[in-house]
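Before any comments, here is the structure.
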Amino acid sequence: MVTPIRRWEFILGKTIPYFLIGSVDATVLALIGTFWFGVPFRGHVISLAIVVMTFLTAALGLGLLISTVAAAACPCFFQRLSYINPLRHVALILRSIYLKGVGLDVLWPNVAAMAFLALLMLGVSILRFHKSLE
């Protein structure tokens, strides 16, 4: 907030990396779908690129808008609720490994939490699964 840059420069700096990552992800997924899984691509690459870029811009804009409207940090209830989301744990683990060089000796609680969630969710899914024609 104290940097001598304009608002639009700040927003661009926040969005461009995620836009590029999303573009690469979309490209890889399209290539895998077409060449690995054999899903035929009959449209125009330019049309797909325009749609993907528009979607990424809209999604990033929505995220930024929400962050500007949010008055405070996430309420405690939702912070606690986030512990049942594996994404919370893997994001922390990946940041710690990539950026800090942390090993599993430190990260084992998050790995254990993810493993517990995986077993719990798969177990509940197995119990709830019913073979039927409906």
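Residue numbers start at 1 in each chain; chains themselves are named A, B, ... in the order of the structure tokens; ligands are numbered from 1 in the order shown.
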Please identify all polymer residues within 9 Å of A:Ala49, counting only C-alpha atoms, omitting same-chain residues fewer than 5 positions from it, and present them as a PDB file with N, CA and C atoms, in the first residue's frame.
```
ATOM      1  N   SER A  23      -3.487 -20.125 -17.959  1.00  0.00           N
ATOM      2  CA  SER A  23      -3.368 -20.348 -19.406  1.00  0.00           C
ATOM      3  C   SER A  23      -2.560 -21.604 -19.703  1.00  0.00           C
ATOM      4  N   ALA A  26      -4.694 -24.654 -18.751  1.00  0.00           N
ATOM      5  CA  ALA A  26      -5.738 -24.912 -19.752  1.00  0.00           C
ATOM      6  C   ALA A  26      -5.146 -25.544 -21.008  1.00  0.00           C
ATOM      7  N   THR A  27      -3.986 -25.067 -21.413  1.00  0.00           N
ATOM      8  CA  THR A  27      -3.325 -25.622 -22.598  1.00  0.00           C
ATOM      9  C   THR A  27      -2.932 -27.078 -22.376  1.00  0.00           C
ATOM     10  N   HIS A  44     -12.146 -24.278 -33.173  1.00  0.00           N
ATOM     11  CA  HIS A  44     -10.992 -23.459 -33.529  1.00  0.00           C
ATOM     12  C   HIS A  44     -10.186 -23.144 -32.274  1.00  0.00           C
ATOM     13  N   THR A  54     -10.997 -15.137 -21.419  1.00  0.00           N
ATOM     14  CA  THR A  54     -12.115 -14.385 -20.853  1.00  0.00           C
ATOM     15  C   THR A  54     -12.513 -14.961 -19.502  1.00  0.00           C
TER      16      THR A  54
END
```
Q | Nearby residues (only C-alpha atoms) at most 7 Å from stretch 110-125 of chain A, same-chain spacing under 6 positions excluded, as a list in words | A | Ile84, Pro86 and His89 of chain A
Run DSSP on the backbone and tell me which residues of stretch 34-130 of chain A come out as helix (DSSP H, G or I); list them as a short mmCIF file (atom, residue, chain, number, x, y, z; two decimals) with C-alpha atoms, in the first residue's frame.
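Result saved to part.cif:
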```
data_model
loop_
_atom_site.label_atom_id
_atom_site.label_comp_id
_atom_site.auth_asym_id
_atom_site.auth_seq_id
_atom_site.Cartn_x
_atom_site.Cartn_y
_atom_site.Cartn_z
CA THR A 34 -7.00 -34.49 -27.11
CA PHE A 35 -3.84 -36.58 -27.44
CA TRP A 36 -3.91 -38.84 -24.38
CA VAL A 45 -8.02 -23.02 -31.23
CA ILE A 46 -8.46 -19.24 -31.33
CA SER A 47 -12.08 -19.55 -30.14
CA LEU A 48 -11.00 -21.78 -27.26
CA ALA A 49 -8.17 -19.40 -26.34
CA ILE A 50 -10.52 -16.40 -26.31
CA VAL A 51 -12.99 -18.23 -24.07
CA VAL A 52 -10.28 -19.44 -21.68
CA MET A 53 -8.72 -15.97 -21.44
CA THR A 54 -12.12 -14.39 -20.85
CA PHE A 55 -12.92 -16.94 -18.15
CA LEU A 56 -9.57 -16.48 -16.42
CA THR A 57 -9.95 -12.70 -16.47
CA ALA A 58 -13.49 -12.93 -15.07
CA ALA A 59 -12.50 -15.42 -12.36
CA LEU A 60 -9.46 -13.38 -11.33
CA GLY A 61 -11.54 -10.21 -11.35
CA LEU A 62 -14.13 -11.83 -9.11
CA GLY A 63 -11.47 -12.96 -6.68
CA LEU A 64 -9.93 -9.50 -6.56
CA LEU A 65 -13.32 -7.86 -6.14
CA ILE A 66 -14.17 -10.13 -3.24
CA SER A 67 -10.82 -9.32 -1.63
CA THR A 68 -11.52 -5.58 -1.91
CA VAL A 69 -15.02 -5.92 -0.46
CA CYS A 76 -13.04 -18.03 13.13
CA PHE A 77 -15.77 -20.55 12.31
CA PHE A 78 -14.76 -20.65 8.63
CA GLN A 79 -11.07 -20.72 9.51
CA ARG A 80 -11.67 -23.84 11.58
CA LEU A 81 -13.89 -25.30 8.87
CA SER A 82 -11.05 -24.95 6.38
CA TYR A 83 -9.11 -27.67 8.21
CA ILE A 84 -11.35 -30.29 6.57
CA PRO A 86 -7.27 -30.99 1.79
CA LEU A 87 -6.38 -27.95 -0.32
CA ARG A 88 -5.52 -26.00 2.84
CA HIS A 89 -2.99 -28.63 3.87
CA VAL A 90 -1.43 -29.22 0.45
CA ALA A 91 -1.05 -25.47 -0.15
CA LEU A 92 0.83 -25.09 3.13
CA ILE A 93 2.94 -28.16 2.40
CA LEU A 94 3.85 -27.06 -1.13
CA ARG A 95 4.76 -23.54 0.00
CA SER A 96 6.90 -24.94 2.78
CA ILE A 97 8.72 -27.42 0.55
CA TYR A 98 9.21 -25.11 -2.44
CA LEU A 99 9.93 -21.82 -0.72
CA LYS A 100 11.39 -22.81 2.64
CA LEU A 104 8.40 -34.06 6.22
CA ASP A 105 9.79 -34.08 9.74
CA VAL A 106 8.13 -30.68 10.18
CA LEU A 107 5.19 -31.15 7.82
CA TRP A 108 4.01 -34.53 9.07
CA PRO A 109 0.97 -33.11 10.93
CA ASN A 110 -0.41 -31.69 7.69
CA VAL A 111 0.40 -34.86 5.76
CA ALA A 112 -1.30 -36.90 8.49
CA ALA A 113 -4.34 -34.62 8.38
CA MET A 114 -4.59 -35.07 4.61
CA ALA A 115 -4.21 -38.83 4.93
CA PHE A 116 -6.90 -38.91 7.61
CA LEU A 117 -9.22 -36.81 5.43
CA ALA A 118 -8.53 -39.06 2.45
CA LEU A 119 -9.34 -42.22 4.40
CA LEU A 120 -12.40 -40.65 6.02
CA MET A 121 -13.84 -39.32 2.76
CA LEU A 122 -13.12 -42.50 0.82
CA GLY A 123 -14.58 -44.59 3.66
CA VAL A 124 -17.76 -42.51 3.81
CA SER A 125 -18.01 -42.63 0.01
CA ILE A 126 -17.73 -46.42 0.05
CA LEU A 127 -20.39 -46.70 2.73
CA ARG A 128 -22.72 -44.32 0.92
#
```
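Atom pair atom CA of A:Val24 / atom CA of A:Phe37: separated by 18.5 Å.
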Q | Length of the atom CA of A:Asn85 to atom CA of A:Gly33 vector [Å] | A | 27.2 Å
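Here atom CA of A:Leu20 stands at a distance of 28.8 Å from atom CA of A:Gly103.
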